[in-house]
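Engineer: Input: one structure, supplied below.
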Protein chains: 2
Amino acid sequence: MTLVVQKYGGTSVGDLDRIRNVAKRVKAARESGLKIAVVLSAMAGTTNKLVDWVMSLDAASFDEAEYDQVVATGEQITIGLLAIALQTLGVPAQSFLGWQAGFRTSADHSKARILEVDATAVKQCLDEGKVAIVAGFQGISPQGRITTLGRGGSDTSGVALAAALGAARCDIFTDVDGVYTTDPRIVAKARKLDRITYEEMLEMASVGAKVLQTRSVALAMQHGVRIQVLSSFDDKPGTLVVDEDEILETQIVSGIAYSREEARLTVVAVNDRPGVAASIFEPLAEANINVDMIVQSVSRDGKSAALTFTVTRSDLPRALNLLELAKEDIGFDRIVADSNVAKISVIGVGMRTHAGTARTMFRTLAEKGINIQAISTSEIKVSVLVAEDYTELAVRALHSAYGLDAA
Amino acid sequence: MTLVVQKYGGTSVGDLDRIRNVAKRVKAARESGLKIAVVLSAMAGTTNKLVDWVMSLDAASFDEAEYDQVVATGEQITIGLLAIALQTLGVPAQSFLGWQAGFRTSADHSKARILEVDATAVKQCLDEGKVAIVAGFQGISPQGRITTLGRGGSDTSGVALAAALGAARCDIFTDVDGVYTTDPRIVAKARKLDRITYEEMLEMASVGAKVLQTRSVALAMQHGVRIQVLSSFDDKPGTLVVDEDEILETQIVSGIAYSREEARLTVVAVNDRPGVAASIFEPLAEANINVDMIVQSVSRDGKSAALTFTVTRSDLPRALNLLELAKEDIGFDRIVADSNVAKISVIGVGMRTHAGTARTMFRTLAEKGINIQAISTSEIKVSVLVAEDYTELAVRALHSAYGLDAA
């Protein structure tokens with residue numbers, strides 16, 4: 001019998017009626033001949049309330065092990081309630097806390113890593129013909145204390161359980177019905193993708209398309225777990241996230257993503273001597289500030305340069321402060337900062353074998369009069385930095401240019 | 001260093017401010033030179049909300065193991081929050097779920113019995129100079145599933161932990177400041193008792209003075225754990241519940257208790273043959289209906305009798321129904337039922353060695369013109385059944401007659 005792990009997010013189990021609705025879905029999937037293990041989040045809002053309580057007591061330096069003790073209760077409630085909802089439909093079911101389901105994690109409380117999933121108890125439950133319902137987001141440390149995996153950890157729990165059970169698929173139910181070629185709020189003609197590769201999904205997630213957490217996609221890729229993203233509020237098939245081999249005819253470009261979380265910094269008239277880049281980026285790295293796109297330009301006399309790079313917008317004040325402190329050491333004239341920028345990315349595994357993808361991008365943007373402030377590329381992605389005001393125009397133009405518009 | 005277990009009820013941890021208040025109390029106790037282990041209930045109202053959710057899904061036949069999974073989350077929240085609140089005051093603390101604190105119970109979900117408390121981990125925590133904070137009301141079954149002990153189970157958790165740790169005392173913090181000679185709402189001159197024996201406390205609890213659950217008092221008596229009942233909202237000493245040996249000068253009567261939970265049944269003109277009492281009480285016992293006071297009177301011709309007894313008021317309809325069904329088998333004329341009755345009890349270990357306690361009771365009631373409908377006695381208690389309207393009058397008269405009124 002084919003085994004599928006179904007993971008339901010916080011909005012899908014947001015109240016008793018929605019939990020009843022999930023129970024009906026699980027029952028239907030079972031009646032279609034599948035063996036089902038379920039992974040649940042807490043009711044939407046519950047985890048935030050619990051986090052608020054901890055913060056009210058001690059926002060500055062709370063003990064993360066105790067934070068985990070409190071915050072892990074949200075999923076414990078939903079798994080028990082779903083088990084009861086299933087039983088009322090005549091479906092045998094049993095709930096498992098993270099530790100009962102064998103989720104052994106590191107002791108990095110509030111952001112623990114899964115070390116191992118010993119799914120023996122869950123397997124036995126499934127073998128007895130029952131639905132196994134596992135609390136997402138949580139596990140147990142080597143010291144026997146409750147841990148949580150950090151925000152978005154429930155997706156990771158679902159994928160890890162699917163890997164441990166050798167499940168055919170991990171269905172991730174959420175409030176959107178799949179992965180789109182771009183944000184449908186910006187491009188009305190955005191199309192839902194039937195399939196997308198792990199690599200593309202990772203790039204989409206990293207540039208702001210937050211359907212799945214990067215972490216869960218990376219784990220799925222590592223263990224070859226097929227993911228389906230779909231809505232718990234309708235019955236349409238979603239988007240499959242799979243290995244490249246499973247996609248017969250790959251598109252050159254699968255999607256256009258954008259992120260408004262960027263800020264640009266230009267260090268002007270920096271001395272063009274060896275080691276100057278290191279003197280700029282070292283203090284930022286030490287402060288855990290991620291630097292993304294980097295462009296260096298040399299002045300006409302060849303003696304000084306301008307260095308442009310991007311950081312996450314929320315890190316901008318800290319980055320400016322750190323560079324001013326190191327001004328003498330680095331030796332520069334001034335810094336120009338701009339947080340009204342956006343990163344637009346064209347993503348597709350087909351790029352690897354098709355030339356001209358970047359050229360199409362640059363030409364399309366030029367035709368619309370959009371100035372490119374910086375460029376970065378990977379094997380399957382080309383990103384450009386543009387003025388934030390042009391975000392929608394750029395995304396729409398590129399969506400058409402790469403033939404992604406729905407008929 | 002003297003070790004004390006402090007147990008705080010739901011109203012004492014009802015919100016974040018009250019949890020901060022508990023943290024201050026624990027800190028003060030620690031600074032007075034005590035080693036402290038804490039047992040907590042859930043925030044007042046939380047457990048009811050969780051039970052309501054389960055009932056909304058399936059009121060009829062829910063799985064009690066899943067009920068326990070859901071309901072046990074209340075205490076998990078308060079222990080984590082108290083640990084953080086203590087840490088912000090500079091007091092090292094660690095929280096323990098029932099299973100982490102070694103509470104092994106039977107698999108009778110929703111009403112599990114404690115089989116053993118392996119307090120090794122809690123002891124180690126205390127030895128490291130930390131406050132150990134244990135979730136009350138919960139444990140783990142031999143099958144590794146979460147159990148709860150039933151309502152009032154947190155008191156029992158406190159006493160069981162005190163026994164396992166060999167603590168000097170179990171302080172039970174609640175919203176009243178001790179055990180009174182009678183209900184202060186009825187008798188303004190009721191006095192708070194400094195000490196009371198386990199046996200007296202058991203009798204008080206069993207006739208409606210619900211300061212402590214009978215079960216926790218019985219466990220304390222069995223293991224010789226001294227209990228103190230006190231308020232978490234002021235700083236006065238409470239009432240000690242201790243062994244008789246610890247009370248130097250025992251009062252003949254320690255308290256007057258009453259219960260309006262009674263109903264009286266009289267089976268009239270029952271055949272006075274051997275086995276007739278059995279034929280009445282067997283169907284009630286099978287239906288789990290407790291019978292309390294029993295009075296048998298014989299008719300003048302000696303051939304038929306009337307049998308009067310009491311049951312819990314909520315059991316009255318079921319009892320009547322069962323007896324009507326067995327009418328032919330029993331052989332009686334009719335049944336007279338009255339639910340407007342109250343049981344008034346005079347309690348005191350001193351009765352054992354002092355004659356005349358019952359006589360004082362009967363004379364006092366007679367002087368007030370109160371008719372006694374039935375009588376039952378134990379070694380340390382005399383109970384009478386009276387018309388419910390006379391409850392306050394009877395309690396006040398007896399409180400004075402036994403010299404219990406405050407000066």
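Residue numbers start at 1 in each chain; chains themselves are named A, B, ... in the order of the structure tokens; ligands are numbered from 1 in the order shown.
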Output the contact residues of chain A with respect to chain B at a cut-off of 9 Å, based on only C-alpha atoms, as number ranges by chain.

Structural biologist: A: 16, 20, 50, 53-54, 56-58, 61-63, 65-74, 76-81, 83-85, 87-88, 94-97, 100, 144-145

Engineer: Would you list the contacts of B:Asn271 as a PyMOL selection string, taking every protein, DNA or RNA residue within 12 Å and counting only C-alpha atoms, but skipping same-chain residues closer than 5 positions in sequence?

Structural biologist: chain B and resi 276-277+279-280+297-299+301-307+327-334

Engineer: Store the residues picked out above in a file with C-alpha atoms, as a PDB file, in the first residue's frame.

Structural biologist:
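Final output, selection29.pdb:
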ATOM      1  CA  VAL B 276     -34.265  -8.111  50.860  1.00  0.00           C
ATOM      2  CA  ALA B 277     -31.621  -5.444  51.590  1.00  0.00           C
ATOM      3  CA  SER B 279     -32.013  -7.132  46.442  1.00  0.00           C
ATOM      4  CA  ILE B 280     -32.325  -3.352  46.882  1.00  0.00           C
ATOM      5  CA  SER B 297     -37.502   0.474  60.596  1.00  0.00           C
ATOM      6  CA  VAL B 298     -39.865  -2.415  61.214  1.00  0.00           C
ATOM      7  CA  SER B 299     -43.673  -2.048  61.085  1.00  0.00           C
ATOM      8  CA  ASP B 301     -46.927  -6.221  62.833  1.00  0.00           C
ATOM      9  CA  GLY B 302     -43.260  -7.105  62.326  1.00  0.00           C
ATOM     10  CA  LYS B 303     -43.904  -8.327  58.792  1.00  0.00           C
ATOM     11  CA  SER B 304     -42.916  -5.357  56.657  1.00  0.00           C
ATOM     12  CA  ALA B 305     -40.259  -2.703  57.019  1.00  0.00           C
ATOM     13  CA  ALA B 306     -39.309   0.684  55.642  1.00  0.00           C
ATOM     14  CA  LEU B 307     -35.757   1.143  54.410  1.00  0.00           C
ATOM     15  CA  LYS B 327     -39.910  -3.699  42.051  1.00  0.00           C
ATOM     16  CA  GLU B 328     -41.254  -7.198  41.558  1.00  0.00           C
ATOM     17  CA  ASP B 329     -38.012  -8.804  42.572  1.00  0.00           C
ATOM     18  CA  ILE B 330     -37.711  -6.696  45.734  1.00  0.00           C
ATOM     19  CA  GLY B 331     -41.387  -6.624  46.609  1.00  0.00           C
ATOM     20  CA  PHE B 332     -42.334  -3.210  48.003  1.00  0.00           C
ATOM     21  CA  ASP B 333     -45.301  -0.897  48.124  1.00  0.00           C
ATOM     22  CA  ARG B 334     -43.846   2.426  47.046  1.00  0.00           C
TER      23      ARG B 334
END

Engineer: From a DSSP pass on the backbone, collect the residues of stretch 125-225 of chain B flagged as helix (DSSP H, G or I) and hand them back as a JSON list (two decimals) with all heavy atoms, in the first residue's frame.

Structural biologist:
[["chain", "number", "residue", "atom", "x", "y", "z"],
["B", 125, "CYS", "N", 18.54, 18.01, 39.83],
["B", 125, "CYS", "CA", 18.30, 19.44, 39.56],
["B", 125, "CYS", "C", 18.38, 20.23, 40.87],
["B", 125, "CYS", "O", 19.02, 21.28, 40.93],
["B", 125, "CYS", "CB", 16.93, 19.58, 38.90],
["B", 125, "CYS", "SG", 16.31, 21.26, 38.77],
["B", 126, "LEU", "N", 17.76, 19.71, 41.93],
["B", 126, "LEU", "CA", 17.79, 20.38, 43.23],
["B", 126, "LEU", "C", 19.21, 20.41, 43.79],
["B", 126, "LEU", "O", 19.66, 21.41, 44.34],
["B", 126, "LEU", "CB", 16.85, 19.66, 44.21],
["B", 126, "LEU", "CG", 15.35, 19.73, 43.89],
["B", 126, "LEU", "CD1", 14.57, 18.74, 44.76],
["B", 126, "LEU", "CD2", 14.81, 21.14, 44.08],
["B", 127, "ASP", "N", 19.94, 19.29, 43.60],
["B", 127, "ASP", "CA", 21.31, 19.22, 44.09],
["B", 127, "ASP", "C", 22.22, 20.22, 43.38],
["B", 127, "ASP", "O", 23.23, 20.66, 43.94],
["B", 127, "ASP", "CB", 21.87, 17.80, 43.91],
["B", 127, "ASP", "CG", 21.22, 16.82, 44.90],
["B", 127, "ASP", "OD1", 20.59, 17.31, 45.86],
["B", 127, "ASP", "OD2", 21.34, 15.60, 44.70],
["B", 153, "GLY", "N", -5.94, 16.37, 40.48],
["B", 153, "GLY", "CA", -4.74, 15.53, 40.44],
["B", 153, "GLY", "C", -3.46, 16.26, 40.78],
["B", 153, "GLY", "O", -2.50, 15.63, 41.21],
["B", 154, "SER", "N", -3.46, 17.58, 40.61],
["B", 154, "SER", "CA", -2.24, 18.33, 40.90],
["B", 154, "SER", "C", -1.87, 18.29, 42.38],
["B", 154, "SER", "O", -0.70, 18.23, 42.73],
["B", 154, "SER", "CB", -2.38, 19.78, 40.44],
["B", 154, "SER", "OG", -2.39, 19.85, 39.05],
["B", 155, "ASP", "N", -2.87, 18.32, 43.27],
["B", 155, "ASP", "CA", -2.59, 18.16, 44.71],
["B", 155, "ASP", "C", -1.90, 16.82, 44.95],
["B", 155, "ASP", "O", -0.92, 16.73, 45.70],
["B", 155, "ASP", "CB", -3.90, 18.18, 45.53],
["B", 155, "ASP", "CG", -4.51, 19.57, 45.63],
["B", 155, "ASP", "OD1", -3.88, 20.54, 45.16],
["B", 155, "ASP", "OD2", -5.63, 19.69, 46.17],
["B", 156, "THR", "N", -2.43, 15.79, 44.29],
["B", 156, "THR", "CA", -1.86, 14.46, 44.45],
["B", 156, "THR", "C", -0.43, 14.42, 43.92],
["B", 156, "THR", "O", 0.45, 13.81, 44.53],
["B", 156, "THR", "CB", -2.75, 13.44, 43.70],
["B", 156, "THR", "OG1", -4.11, 13.64, 44.12],
["B", 156, "THR", "CG2", -2.34, 12.02, 44.03],
["B", 157, "SER", "N", -0.18, 15.10, 42.79],
["B", 157, "SER", "CA", 1.19, 15.18, 42.25],
["B", 157, "SER", "C", 2.12, 15.81, 43.28],
["B", 157, "SER", "O", 3.24, 15.34, 43.49],
["B", 157, "SER", "CB", 1.23, 16.03, 40.98],
["B", 157, "SER", "OG", 0.40, 15.51, 39.98],
["B", 158, "GLY", "N", 1.66, 16.89, 43.92],
["B", 158, "GLY", "CA", 2.47, 17.57, 44.91],
["B", 158, "GLY", "C", 2.84, 16.67, 46.07],
["B", 158, "GLY", "O", 4.01, 16.58, 46.46],
["B", 159, "VAL", "N", 1.84, 15.95, 46.59],
["B", 159, "VAL", "CA", 2.08, 15.06, 47.73],
["B", 159, "VAL", "C", 3.00, 13.90, 47.31],
["B", 159, "VAL", "O", 3.92, 13.53, 48.04],
["B", 159, "VAL", "CB", 0.74, 14.53, 48.28],
["B", 159, "VAL", "CG1", 0.98, 13.43, 49.31],
["B", 159, "VAL", "CG2", -0.07, 15.68, 48.90],
["B", 160, "ALA", "N", 2.76, 13.35, 46.11],
["B", 160, "ALA", "CA", 3.57, 12.22, 45.65],
["B", 160, "ALA", "C", 5.03, 12.64, 45.46],
["B", 160, "ALA", "O", 5.95, 11.89, 45.80],
["B", 160, "ALA", "CB", 3.01, 11.67, 44.34],
["B", 161, "LEU", "N", 5.24, 13.85, 44.94],
["B", 161, "LEU", "CA", 6.62, 14.33, 44.76],
["B", 161, "LEU", "C", 7.28, 14.54, 46.13],
["B", 161, "LEU", "O", 8.44, 14.17, 46.34],
["B", 161, "LEU", "CB", 6.65, 15.63, 43.95],
["B", 161, "LEU", "CG", 8.05, 16.14, 43.61],
["B", 161, "LEU", "CD1", 8.79, 15.18, 42.69],
["B", 161, "LEU", "CD2", 7.99, 17.53, 42.96],
["B", 162, "ALA", "N", 6.51, 15.12, 47.07],
["B", 162, "ALA", "CA", 7.05, 15.34, 48.43],
["B", 162, "ALA", "C", 7.45, 14.01, 49.06],
["B", 162, "ALA", "O", 8.50, 13.89, 49.69],
["B", 162, "ALA", "CB", 6.01, 16.06, 49.29],
["B", 163, "ALA", "N", 6.61, 12.97, 48.85],
["B", 163, "ALA", "CA", 6.93, 11.65, 49.39],
["B", 163, "ALA", "C", 8.20, 11.10, 48.73],
["B", 163, "ALA", "O", 9.10, 10.60, 49.42],
["B", 163, "ALA", "CB", 5.75, 10.69, 49.17],
["B", 164, "ALA", "N", 8.30, 11.20, 47.40],
["B", 164, "ALA", "CA", 9.44, 10.64, 46.68],
["B", 164, "ALA", "C", 10.74, 11.35, 47.06],
["B", 164, "ALA", "O", 11.80, 10.73, 47.09],
["B", 164, "ALA", "CB", 9.21, 10.73, 45.17],
["B", 165, "LEU", "N", 10.65, 12.65, 47.34],
["B", 165, "LEU", "CA", 11.85, 13.43, 47.67],
["B", 165, "LEU", "C", 12.13, 13.41, 49.17],
["B", 165, "LEU", "O", 13.16, 13.91, 49.60],
["B", 165, "LEU", "CB", 11.67, 14.90, 47.22],
["B", 165, "LEU", "CG", 11.61, 15.18, 45.72],
["B", 165, "LEU", "CD1", 11.21, 16.63, 45.48],
["B", 165, "LEU", "CD2", 12.96, 14.88, 45.06],
["B", 198, "TYR", "N", -4.95, 14.12, 59.46],
["B", 198, "TYR", "CA", -5.32, 13.55, 58.16],
["B", 198, "TYR", "C", -6.74, 13.01, 58.17],
["B", 198, "TYR", "O", -7.52, 13.25, 57.25],
["B", 198, "TYR", "CB", -4.38, 12.39, 57.80],
["B", 198, "TYR", "CG", -2.93, 12.75, 57.63],
["B", 198, "TYR", "CD1", -1.95, 12.17, 58.42],
["B", 198, "TYR", "CD2", -2.53, 13.66, 56.65],
["B", 198, "TYR", "CE1", -0.61, 12.48, 58.26],
["B", 198, "TYR", "CE2", -1.19, 13.98, 56.48],
["B", 198, "TYR", "CZ", -0.23, 13.39, 57.29],
["B", 198, "TYR", "OH", 1.08, 13.70, 57.12],
["B", 199, "GLU", "N", -7.07, 12.26, 59.25],
["B", 199, "GLU", "CA", -8.38, 11.62, 59.32],
["B", 199, "GLU", "C", -9.50, 12.65, 59.30],
["B", 199, "GLU", "O", -10.49, 12.49, 58.59],
["B", 199, "GLU", "CB", -8.50, 10.77, 60.60],
["B", 199, "GLU", "CG", -7.62, 9.52, 60.64],
["B", 199, "GLU", "CD", -6.24, 9.81, 61.22],
["B", 199, "GLU", "OE1", -5.85, 11.01, 61.32],
["B", 199, "GLU", "OE2", -5.54, 8.84, 61.57],
["B", 200, "GLU", "N", -9.32, 13.71, 60.09],
["B", 200, "GLU", "CA", -10.33, 14.76, 60.11],
["B", 200, "GLU", "C", -10.46, 15.42, 58.74],
["B", 200, "GLU", "O", -11.55, 15.67, 58.25],
["B", 200, "GLU", "CB", -9.98, 15.81, 61.16],
["B", 200, "GLU", "CG", -10.14, 15.30, 62.59],
["B", 200, "GLU", "CD", -9.49, 16.23, 63.62],
["B", 200, "GLU", "OE1", -8.52, 16.93, 63.27],
["B", 200, "GLU", "OE2", -9.96, 16.24, 64.77],
["B", 201, "MET", "N", -9.31, 15.68, 58.13],
["B", 201, "MET", "CA", -9.31, 16.34, 56.81],
["B", 201, "MET", "C", -10.04, 15.46, 55.80],
["B", 201, "MET", "O", -10.80, 15.95, 54.96],
["B", 201, "MET", "CB", -7.86, 16.57, 56.38],
["B", 201, "MET", "CG", -7.72, 17.51, 55.20],
["B", 201, "MET", "SD", -8.26, 19.20, 55.57],
["B", 201, "MET", "CE", -9.26, 19.54, 54.14],
["B", 202, "LEU", "N", -9.82, 14.14, 55.88],
["B", 202, "LEU", "CA", -10.49, 13.22, 54.97],
["B", 202, "LEU", "C", -11.99, 13.29, 55.16],
["B", 202, "LEU", "O", -12.75, 13.34, 54.18],
["B", 202, "LEU", "CB", -10.03, 11.78, 55.24],
["B", 202, "LEU", "CG", -8.71, 11.37, 54.62],
["B", 202, "LEU", "CD1", -8.32, 9.98, 55.10],
["B", 202, "LEU", "CD2", -8.80, 11.41, 53.10],
["B", 203, "GLU", "N", -12.44, 13.32, 56.42],
["B", 203, "GLU", "CA", -13.88, 13.39, 56.69],
["B", 203, "GLU", "C", -14.44, 14.73, 56.22],
["B", 203, "GLU", "O", -15.52, 14.79, 55.64],
["B", 203, "GLU", "CB", -14.16, 13.20, 58.18],
["B", 203, "GLU", "CG", -13.85, 11.80, 58.71],
["B", 203, "GLU", "CD", -14.86, 10.74, 58.25],
["B", 203, "GLU", "OE1", -15.74, 11.05, 57.43],
["B", 203, "GLU", "OE2", -14.74, 9.59, 58.71],
["B", 204, "MET", "N", -13.70, 15.81, 56.47],
["B", 204, "MET", "CA", -14.14, 17.14, 56.03],
["B", 204, "MET", "C", -14.30, 17.13, 54.51],
["B", 204, "MET", "O", -15.30, 17.61, 53.97],
["B", 204, "MET", "CB", -13.10, 18.21, 56.40],
["B", 204, "MET", "CG", -12.88, 18.41, 57.88],
["B", 204, "MET", "SD", -14.18, 19.38, 58.68],
["B", 204, "MET", "CE", -13.46, 21.02, 58.62],
["B", 205, "ALA", "N", -13.29, 16.60, 53.79],
["B", 205, "ALA", "CA", -13.32, 16.59, 52.33],
["B", 205, "ALA", "C", -14.48, 15.74, 51.83],
["B", 205, "ALA", "O", -15.18, 16.11, 50.88],
["B", 205, "ALA", "CB", -12.00, 16.06, 51.77],
["B", 206, "SER", "N", -14.72, 14.63, 52.50],
["B", 206, "SER", "CA", -15.75, 13.71, 52.01],
["B", 206, "SER", "C", -17.16, 14.25, 52.25],
["B", 206, "SER", "O", -18.11, 13.79, 51.64],
["B", 206, "SER", "CB", -15.60, 12.33, 52.67],
["B", 206, "SER", "OG", -15.94, 12.42, 54.03],
["B", 214, "THR", "N", -9.74, 14.49, 48.54],
["B", 214, "THR", "CA", -9.63, 13.32, 49.41],
["B", 214, "THR", "C", -8.40, 12.47, 49.06],
["B", 214, "THR", "O", -7.64, 12.04, 49.93],
["B", 214, "THR", "CB", -10.87, 12.42, 49.23],
["B", 214, "THR", "OG1", -12.02, 13.26, 49.23],
["B", 214, "THR", "CG2", -10.99, 11.42, 50.35],
["B", 215, "ARG", "N", -8.22, 12.28, 47.74],
["B", 215, "ARG", "CA", -7.15, 11.43, 47.24],
["B", 215, "ARG", "C", -5.76, 11.90, 47.68],
["B", 215, "ARG", "O", -4.91, 11.07, 48.05],
["B", 215, "ARG", "CB", -7.26, 11.55, 45.73],
["B", 215, "ARG", "CG", -6.45, 10.61, 44.94],
["B", 215, "ARG", "CD", -6.85, 10.86, 43.50],
["B", 215, "ARG", "NE", -5.95, 10.25, 42.59],
["B", 215, "ARG", "CZ", -5.91, 10.56, 41.30],
["B", 215, "ARG", "NH1", -6.75, 11.47, 40.83],
["B", 215, "ARG", "NH2", -5.07, 9.95, 40.51],
["B", 216, "SER", "N", -5.53, 13.21, 47.65],
["B", 216, "SER", "CA", -4.21, 13.71, 48.03],
["B", 216, "SER", "C", -4.00, 13.58, 49.54],
["B", 216, "SER", "O", -2.89, 13.30, 49.99],
["B", 216, "SER", "CB", -4.03, 15.16, 47.58],
["B", 216, "SER", "OG", -5.01, 15.98, 48.18],
["B", 217, "VAL", "N", -5.08, 13.73, 50.32],
["B", 217, "VAL", "CA", -4.97, 13.60, 51.77],
["B", 217, "VAL", "C", -4.67, 12.14, 52.14],
["B", 217, "VAL", "O", -3.81, 11.85, 52.98],
["B", 217, "VAL", "CB", -6.26, 14.05, 52.48],
["B", 217, "VAL", "CG1", -6.11, 13.92, 53.99],
["B", 217, "VAL", "CG2", -6.60, 15.49, 52.11],
["B", 218, "ALA", "N", -5.36, 11.22, 51.46],
["B", 218, "ALA", "CA", -5.13, 9.79, 51.72],
["B", 218, "ALA", "C", -3.68, 9.42, 51.41],
["B", 218, "ALA", "O", -3.03, 8.69, 52.16],
["B", 218, "ALA", "CB", -6.09, 8.95, 50.88],
["B", 219, "LEU", "N", -3.15, 9.95, 50.29],
["B", 219, "LEU", "CA", -1.76, 9.66, 49.91],
["B", 219, "LEU", "C", -0.80, 10.25, 50.94],
["B", 219, "LEU", "O", 0.19, 9.60, 51.32],
["B", 219, "LEU", "CB", -1.48, 10.24, 48.52],
["B", 219, "LEU", "CG", -0.15, 9.85, 47.89],
["B", 219, "LEU", "CD1", -0.16, 8.37, 47.50],
["B", 219, "LEU", "CD2", 0.15, 10.69, 46.65],
["B", 220, "ALA", "N", -1.09, 11.45, 51.41],
["B", 220, "ALA", "CA", -0.24, 12.10, 52.41],
["B", 220, "ALA", "C", -0.23, 11.30, 53.71],
["B", 220, "ALA", "O", 0.82, 11.09, 54.32],
["B", 220, "ALA", "CB", -0.73, 13.52, 52.68],
["B", 221, "MET", "N", -1.41, 10.80, 54.10],
["B", 221, "MET", "CA", -1.52, 10.00, 55.33],
["B", 221, "MET", "C", -0.69, 8.73, 55.19],
["B", 221, "MET", "O", 0.07, 8.36, 56.08],
["B", 221, "MET", "CB", -2.98, 9.68, 55.59],
["B", 221, "MET", "CG", -3.21, 8.96, 56.90],
["B", 221, "MET", "SD", -4.93, 9.06, 57.45],
["B", 221, "MET", "CE", -5.70, 7.88, 56.39],
["B", 222, "GLN", "N", -0.84, 8.08, 54.03],
["B", 222, "GLN", "CA", -0.13, 6.83, 53.76],
["B", 222, "GLN", "C", 1.38, 7.00, 53.85],
["B", 222, "GLN", "O", 2.09, 6.15, 54.38],
["B", 222, "GLN", "CB", -0.54, 6.38, 52.36],
["B", 222, "GLN", "CG", -0.07, 5.00, 51.95],
["B", 222, "GLN", "CD", -0.44, 4.77, 50.47],
["B", 222, "GLN", "OE1", -1.38, 5.37, 49.94],
["B", 222, "GLN", "NE2", 0.30, 3.90, 49.82],
["B", 223, "HIS", "N", 1.90, 8.13, 53.32],
["B", 223, "HIS", "CA", 3.35, 8.33, 53.27],
["B", 223, "HIS", "C", 3.85, 9.28, 54.37],
["B", 223, "HIS", "O", 5.03, 9.61, 54.39],
["B", 223, "HIS", "CB", 3.76, 8.88, 51.90],
["B", 223, "HIS", "CG", 3.59, 7.89, 50.79],
["B", 223, "HIS", "ND1", 4.50, 6.89, 50.54],
["B", 223, "HIS", "CD2", 2.59, 7.72, 49.89],
["B", 223, "HIS", "CE1", 4.08, 6.16, 49.51],
["B", 223, "HIS", "NE2", 2.92, 6.64, 49.10]]

Engineer: Tell me which of B:Val253, B:Val349, B:Ala387, B:Val225 sits closest to B:Ala168, counting only C-alpha atoms.

Structural biologist: B:Val225

Engineer: Report, in Å to a single decimal, how far apart atom CA of B:Asp194 and atom CA of B:Asp245 are.

Structural biologist: 14.6 Å

Engineer: Can you list, as an NGL selection string, all residues belonging to stretch 101-226 of chain B that DSSP tags as strand (DSSP E or B)?

Structural biologist: :B and (103-105 or 114-117 or 131-135 or 138-140 or 146-148 or 169-174 or 180 or 192 or 195-197)

Engineer: Considering only C-alpha atoms, return as number ranges by chain whatever protein or nucleic-acid residues lie within 9 Å of A:Ser339, sequence-local ones (same chain, fewer than 5 positions apart) excluded.

Structural biologist: A: 260-265, 313, 316, 388

Engineer: Near stretch 357-367 of chain A, counting only C-alpha atoms, which residues have an atom at most 12 Å away, once you skip same-chain residues fewer than 2 positions from it, shown as a ChimeraX atom specification?

Structural biologist: /A:251-254,256,344-355,369-387,390-403

Engineer: For B:Ile247, which residue out of B:Gln213, B:Ala269, B:Pro274, B:Leu193 is the nearest one, using only C-alpha atoms?

Structural biologist: B:Leu193

Engineer: Excluding same-chain residues fewer than 4 positions from A:Ala37, what lies within 7 Å of it counting only C-alpha atoms, as a list in words?

Structural biologist: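 Result of the neighbour search: Val4, Val5, Gln6, Val131, Ala132 and Ile133 of chain A.
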
Engineer: What does the structure give for the distance between atom CA of A:Arg169 and atom CA of A:Arg195, in Å to one decimal?

Structural biologist: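 Going from atom CA of A:Arg169 over to atom CA of A:Arg195, I get 13.5 Å.
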
Engineer: Within 9 Å of A:Thr266, counting only C-alpha atoms, which residues qualify if same-chain residues fewer than 3 places away don't, as a list in words?

Structural biologist: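 With the cut-off at 9 Å, the set is Ala306, Leu307, Thr308, Phe309, Thr310, Arg334, Ile335, Val336, Ala337 and Asp338 of chain A.
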
Engineer: Write out as JSON, numbers by chain each polymer residue whose atoms come within 9 Å of stretch 228-231 of chain B, counting only C-alpha atoms; drop sequence neighbours fewer than 3 positions from it.

Structural biologist: {"B": [12, 169, 170, 171, 172, 173, 174, 175, 176, 177, 178, 179, 195, 211, 212, 234, 235, 236, 237, 238, 239, 240, 241, 242]}

Engineer: Report, in Å with one decimal, the straight-line distance from atom CA of A:Glu128 to atom CA of A:Leu3.

Structural biologist: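 Atom CA of A:Leu3 lies at a distance of 13.6 Å from atom CA of A:Glu128.
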
Engineer: Of the candidates A:Ala23, A:Leu320, A:Ala326, A:Ile294, which shows the shortest atom-to-atom distance to A:Glu282, using only C-alpha atoms?

Structural biologist: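 Of all the options, A:Ala326 lies closest to A:Glu282.
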